[in-house]
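Here is the structure we will look at.
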Amino acid sequence: MAEFRVRVSTGEAFGAGTWNKVSVSIVGTQGESPRLPLDHLGKEFNAGAEEDFQVMLPEDVGPVLLLRVHKMPPAMSCLLRPLSQDAWFCRWFQLTPPQGSPFLFPCYQWLEGAGSLVLREGTAKVSWADHHPLLQQQRQEELQARQEMYQWKAYNPGWPHCLDEKSVKDLDINIKYSTVKNANFYLRSGSAFVEMKIKGLLDRKGPWRSLNEMKRIFNFRKTPAAEYTFEHWQEDAFFASQFLNGLNPVLIRRCHCLPKNFPVTDAMVASVLGPGTSLQAELEKGSLFLVDHGILSNIHTNVINGRPQFSAAPMTLLYQRPGGGPLLPLAIQLSQTPGPNSPIFLPSDDKWDWLLAKTWVRNAEFSFHEALTHLLHSHLLPEVFTLATLRQLPHCHPLFKLLIPHTRYTLHINTLARELLIVPGQVVDKSTGLGIGGFSELIQRSMKQLNYSALCLPEDIRTRGVEDIPGYYYRDDGLQIWGAVERFVSEIIGIYYPSDESVQDDRELQAWVGEIFSKGFLNRESSGIPSSLETREALVRYVTMVIFTCSARHSAVSAGQFDSCAWMPNLPPSMQLPPPTSKSQATPESFINTLPPVNATCDVILTLWLLSKEPGDPRPLGTYPDEHFIEEAPRRSIATFQNRLAQISRDIQERNRGLALPYTYLDPPIIENSVSI
């Protein structure tokens with residue numbers, strides 16, 4: 001007979017405690033104990049509790065390998081369904097043998113209803129480090145069970161694959177929103193919907209009467225950034241600055257040679273460039289930049305309220321004044337085909353011609369951002385990383401421990417999007433200029449062009465030639481975050497992978513990378529996305545890309561959606577008249593009539609307000625309350641990472657105090673660990 005002490009920690013979240021009965025079986029090298037009840041007088045396993053139990057093993061099982069946890073409803077629970085379905089969030093078990101040090105078994109999982117769960121001692125181990133057959137078997141069985149639970153499906157042809165579930169109601173409890181987050185989400189959306197409905201805006205299908213009338217909805221929910229946008233949206237400097245620090249800061253690139261299909265001349269831009277210079281001189285200096293929305297050419301467009309909508313594929317030339325002055329637009333062409341019906345619009349044109357041209361560019365920004373920068377890059381790809389992590393890496397794997405905080409709630413929000421956003425009859429279908437068909441076509445086009453370097457911020461910045469353009473806070477803050485993540489990842493990889501060969505020999509790691517390549521990037525070798533990893537350096541780069549994409553990149557392109565769209569003319573989701581084919585035709589009336597109708601405007605603004613803010617239960621970048629790592633070395637690395645992020649935050653806040661429009665979207669406390677909204 002051997003007496004073990006068992007200490008159990010229950011989570012603090014709402015509903016984390018349980019009325020069910022819990023027992024454990026201790027698995028050792030020489031056998032497995034019978035079920036050992038964890039029972040006191042009264043109720044055990046209350047939320048936030050840590051409780052001690054004494055259990056007696058009838059026979060020695062040898063050195064401990066595993067802990068099997070059993071959860072059963074109490075007697076007569078069949079009469080009370082809530083008890084039979086009772087869920088329990090277990091943080092960890094600690095097992096102390098009669099002699100020797102305690103073993104810590106991290107759990108951080110929900111157990112719903114009756115069932116069993118196998119836990120391992122918390123030391124992280126790669127696949128080649130497990131030598132005992134029982135431990136090898138446990139890894140395989142855990143992955144087999146998860147691969148059955150989390151399966152792939154092709155949602156649309158040419159898209160990354162996704163989780164095969166139709167509704168959030170069908171999701172496993174461990175990937176669902178918490179009760180608090182779910183309640184806040186629906187309360188927030190419900191209150192906003194009711195307000196719009198009472199005002200009669202969601203049912204009004206006609207155009208806006210004037211810009212002044214739009215101010216009614218602008219009072220819906222104000223933010224400082226939204227108010228700044230309202231005050232400055234017509235200004236050229238603000239228009240240009242949004243390519244750097246707006247919601248789509250990933251498209252601007254240095255222009256060394258004007259595209260042949262964008263025939264801007266010196267005479268056209270002389271008023272902005274000033275005397276003593278020319279286009280060729282400025283191209284050679286590197287002071288000209290291009291934003292090309294060519295991927296939108298001939299894209300499928302939507303029908304809203306029975307009216308066909310329109311799209312443009314503009315090219316915008318921008319000029320960086322010497323001495324660090326503001327970036328300014330030089331010229332806009334609204335199609336990829338120059339000619340008499342595709343004039344080049346200029347700042348010197350009539351006010352309404354120029355404003356309409358800029359507004360068409362902003363509409364292109366909406367379409368490009370929502371379909372590609374946001375949906376594809378910042379939701380669909382993180383879902384691929386999440387699903388592959390759950391299917392190919394066991395809980396004991398160091399990469400699982402590193403990555404699992406960066407997958408939190410991603411499968412829930414993406415499944416919800418497939419229920420409520422990108423399906424017939426919902427907001428993308430009802431209220432955007434491209435509709436579901438256009439979004440799908442854009443994603444298919446982009447997937448054929450997507451490459452690895454575009455997902456790695458330092459390389460993307462170099463490739464676009466924007467290393468030194470002033471006032472590019474997305475770049476400045478993003479590179480700081482990337483560097484902090486990269487150093488953190490490098491330290492963790494260095495702990496568990498002593499050599500390049502150790503990377504090559506980790507079959508679970510290679511299966512994870514291979515599944516991302518096949519299911520996420522559809523086996524496209526031209527993408528440059530690796531299908532296997534050969535070196536520690538390559539592994540660090542890859543994991544850094546995954547964490548950055550799931551956290552900082554999503555924050556940069558998601559958190560500012562409402563700020564940009566609250567004043568709709570700054571970011572119109574649709575255009576009801578075709579792009580102008582000549583100048584001197586625009587008027588205040590035609591400008592208003594080109595903008596989306598009232599109901600579509602309000603539908604999109606409501607949605608982006610909902611999706612721009614975390615509905616409670618946040619986990620900022622670097623916050624790891626679930627302590628999956630138990631060794632001292634990774635814990636030190638986590639603390640160092642958190643200190644680096646804190647310093648980055650102080651630097652950003654200090655800089656922002658001197659800005660008329662602070663750039664906050666990459667301040668670490670604002671960045672969520674994962675794509676969760």
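Naming works like this for the structure tokens: A, B, ... for the chains as they're shown, residue 1 at the start of each chain, ligands 1 onward in shown order.
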For this session: Can you check which residues of range 178-373 of chain A DSSP gives as strand (DSSP E or B) on the backbone and send them as a VMD selection string?
Result: chain A and resid 253 to 254 288 to 292 303 to 304 307 to 308 310 315 to 320 327 to 333 339 342 344 to 345
Exercise. If you count only C-alpha atoms, which residues fall within 12 Å of Pro207 in chain A, apart from same-chain ones fewer than 2 positions away, as a PyMOL selection string?
Worked result: chain A and resi 201+203-205+209-211+213-214+304-305+307+574-577+589-602
Produce a file of the selected residues containing C-alpha atoms, as a short mmCIF file (atom, residue, chain, number, x, y, z; two decimals), in the first residue's frame.
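For reference, again35.cif as written:
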data_model
loop_
_atom_site.label_atom_id
_atom_site.label_comp_id
_atom_site.auth_asym_id
_atom_site.auth_seq_id
_atom_site.Cartn_x
_atom_site.Cartn_y
_atom_site.Cartn_z
CA LEU A 201 -31.96 52.97 -40.79
CA ASP A 203 -34.91 49.17 -43.43
CA ARG A 204 -34.28 52.24 -45.59
CA LYS A 205 -33.15 51.10 -49.03
CA ARG A 209 -30.03 62.68 -48.91
CA SER A 210 -26.83 64.50 -48.07
CA LEU A 211 -23.55 64.26 -46.20
CA GLU A 213 -27.81 63.44 -43.02
CA MET A 214 -25.04 60.88 -42.59
CA ILE A 304 -28.05 45.39 -53.42
CA ASN A 305 -31.72 46.27 -53.04
CA ARG A 307 -29.56 47.49 -58.02
CA SER A 574 -20.15 49.57 -52.12
CA MET A 575 -20.60 52.00 -55.03
CA GLN A 576 -23.97 52.35 -56.78
CA LEU A 577 -22.84 54.19 -59.92
CA GLU A 589 -25.52 65.05 -55.80
CA SER A 590 -23.74 62.48 -57.99
CA PHE A 591 -21.20 61.90 -55.21
CA ILE A 592 -23.98 61.06 -52.73
CA ASN A 593 -25.77 58.87 -55.28
CA THR A 594 -22.59 56.87 -55.87
CA LEU A 595 -22.26 55.94 -52.20
CA PRO A 596 -24.01 52.84 -50.78
CA PRO A 597 -27.66 53.00 -49.73
CA VAL A 598 -28.67 53.70 -46.15
CA ASN A 599 -29.44 50.12 -45.10
CA ALA A 600 -26.19 48.72 -46.52
CA THR A 601 -24.19 51.51 -44.89
CA CYS A 602 -25.69 50.81 -41.49
#
For this session: Do a neighbour search on range 344-360 of chain A at 7 Å with only C-alpha atoms, toss out local chain neighbours closer than 3 positions, and write the hits as a list in words.
Result: Gln234, Ala312, Leu330, Ala331, Ile332, Gln333, Asn363, Ala364, Pro569, Asn570, Lys583, Ser584, Ala586, Thr587, Pro588 and Phe591 of chain A
Wanna dump the range 211-324 of chain A-range 607-625 of chain A contacts at 12 Å for me, each residue with its shortest atom pair and the distance in Å to one decimal, counting only C-alpha atoms, ordered by chain and number, as a tab-separated table?
residue	atom	partner	partner_atom	distance
A:Phe218	CA	A:Trp609	CA	11.8
A:Phe220	CA	A:Trp609	CA	9.8
A:Arg221	CA	A:Trp609	CA	8.1
A:Lys222	CA	A:Trp609	CA	10.1
A:Thr223	CA	A:Trp609	CA	10.5
A:Ala226	CA	A:Trp609	CA	11.1
A:Leu247	CA	A:Ser612	CA	10.9
Exercise. Can you tell me, as a ChimeraX atom specification, what residues are no more than 12 Å from Gln137 in chain A when counting only C-alpha atoms, ignoring any on the same chain fewer than 4 positions away?
Worked result: /A:65-66,118,127,130-133,141-144,394
Problem set entry | Nearby residues (only C-alpha atoms) at most 9 Å from Leu522 in chain A, same-chain spacing under 2 positions excluded, as an NGL selection string | :A and (158-161 or 447 or 516-520 or 524-525)
With the cut-off set at 8 Å and counting only C-alpha atoms, tabulate each residue of range 148-264 of chain A with an atom at most that distance from an atom of range 401-418 of chain A, showing the nearest atom pair and its distance in Å to one decimal, ordered by chain and increasing number, as a tab-separated table.
residue	atom	partner	partner_atom	distance
A:Leu163	CA	A:Leu411	CA	7.2
A:Glu165	CA	A:Thr415	CA	7.2
A:Lys166	CA	A:Thr415	CA	7.1
A:Ser167	CA	A:Thr415	CA	6.3
A:Val168	CA	A:Thr415	CA	6.0
A:Leu171	CA	A:His412	CA	7.5
A:Ile175	CA	A:Tyr409	CA	5.7
A:Lys176	CA	A:His412	CA	5.4
A:Tyr177	CA	A:Tyr409	CA	6.0
For this session: Please provide as a list in words all residues within 9 Å of range 647-649 of chain A, with the sequence filter that same-chain residues fewer than 5 positions apart are discarded (counting only C-alpha atoms).
Result: Asp477, Gln480, Ile481, Ala484, Gln642, Glu654, Leu666, Asp667, Pro668 and Pro669 of chain A
Let me see the file: selected residues, all heavy atoms, as a CSV table (one decimal), in the first residue's frame.
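File produced: part10.csv:
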chain,number,residue,atom,x,y,z
A,477,ASP,N,6.1,49.7,-35.4
A,477,ASP,CA,5.6,48.9,-34.3
A,477,ASP,C,5.6,47.4,-34.6
A,477,ASP,O,5.9,46.6,-33.8
A,477,ASP,CB,4.2,49.4,-33.9
A,477,ASP,CG,4.2,50.9,-33.5
A,477,ASP,OD1,5.3,51.5,-33.4
A,477,ASP,OD2,3.1,51.4,-33.3
A,480,GLN,N,9.0,45.9,-34.3
A,480,GLN,CA,9.4,45.7,-32.9
A,480,GLN,C,8.7,44.5,-32.3
A,480,GLN,O,9.3,43.7,-31.6
A,480,GLN,CB,8.9,47.0,-32.1
A,480,GLN,CG,9.8,48.2,-32.3
A,480,GLN,CD,11.2,48.0,-31.8
A,480,GLN,OE1,11.4,47.6,-30.7
A,480,GLN,NE2,12.2,48.4,-32.6
A,481,ILE,N,7.4,44.3,-32.7
A,481,ILE,CA,6.7,43.1,-32.2
A,481,ILE,C,7.3,41.9,-32.8
A,481,ILE,O,7.5,40.9,-32.1
A,481,ILE,CB,5.2,43.2,-32.5
A,481,ILE,CG1,4.6,44.4,-31.8
A,481,ILE,CG2,4.5,42.0,-32.1
A,481,ILE,CD1,4.5,44.4,-30.4
A,484,ALA,N,10.5,40.9,-31.1
A,484,ALA,CA,10.3,40.4,-29.7
A,484,ALA,C,9.8,38.9,-29.8
A,484,ALA,O,10.2,38.0,-29.1
A,484,ALA,CB,9.3,41.2,-28.9
A,642,GLN,N,7.6,39.0,-22.0
A,642,GLN,CA,6.7,40.0,-21.4
A,642,GLN,C,7.3,41.3,-21.1
A,642,GLN,O,6.7,42.4,-21.3
A,642,GLN,CB,6.0,39.4,-20.2
A,642,GLN,CG,5.1,38.2,-20.5
A,642,GLN,CD,4.7,37.4,-19.2
A,642,GLN,OE1,5.4,37.5,-18.2
A,642,GLN,NE2,3.7,36.7,-19.3
A,654,GLU,N,4.7,56.7,-25.6
A,654,GLU,CA,5.4,57.9,-25.5
A,654,GLU,C,5.4,58.6,-26.9
A,654,GLU,O,5.2,59.8,-27.0
A,654,GLU,CB,6.9,57.6,-25.1
A,654,GLU,CG,7.8,58.8,-25.2
A,654,GLU,CD,7.4,59.9,-24.2
A,654,GLU,OE1,6.8,59.6,-23.1
A,654,GLU,OE2,7.7,61.1,-24.5
A,666,LEU,N,-1.0,48.4,-32.7
A,666,LEU,CA,0.0,47.4,-32.4
A,666,LEU,C,0.7,47.7,-31.0
A,666,LEU,O,1.8,47.3,-30.8
A,666,LEU,CB,1.1,47.4,-33.5
A,666,LEU,CG,0.7,46.8,-34.8
A,666,LEU,CD1,1.7,46.9,-35.9
A,666,LEU,CD2,0.3,45.3,-34.5
A,667,ASP,N,0.0,48.4,-30.2
A,667,ASP,CA,0.4,48.5,-28.8
A,667,ASP,C,0.1,47.2,-28.1
A,667,ASP,O,-1.0,46.7,-28.1
A,667,ASP,CB,-0.4,49.6,-28.1
A,667,ASP,CG,0.1,50.0,-26.7
A,667,ASP,OD1,1.1,49.3,-26.3
A,667,ASP,OD2,-0.4,50.9,-26.0
A,668,PRO,N,1.1,46.5,-27.5
A,668,PRO,CA,0.9,45.1,-27.0
A,668,PRO,C,-0.3,44.9,-26.2
A,668,PRO,O,-1.0,43.9,-26.3
A,668,PRO,CB,2.2,44.8,-26.3
A,668,PRO,CG,3.2,45.6,-27.1
A,668,PRO,CD,2.5,46.9,-27.5
A,669,PRO,N,-0.7,45.8,-25.2
A,669,PRO,CA,-1.9,45.5,-24.5
A,669,PRO,C,-3.2,45.5,-25.3
A,669,PRO,O,-4.2,44.9,-24.9
A,669,PRO,CB,-2.0,46.7,-23.5
A,669,PRO,CG,-0.6,47.1,-23.3
A,669,PRO,CD,0.0,47.0,-24.7
For this session: Give the answer as one residue: which of A:Met568, A:Val8, A:Leu659, A:Ile630 has the shortest atom-to-atom distance to Trp88 in chain A, using only C-alpha atoms?
Result: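 Residue with the minimum atom-to-atom distance to Trp88 in chain A: A:Val8.
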Problem set entry | Residue nearest Leu244 in chain A among A:Arg553, A:Arg475, A:Lys197, A:Arg636 (counting only C-alpha atoms) | A:Arg475
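Computed from the coordinates, the CA of Leu376 in chain A to CA of Asp164 in chain A distance equals 17.5 Å.
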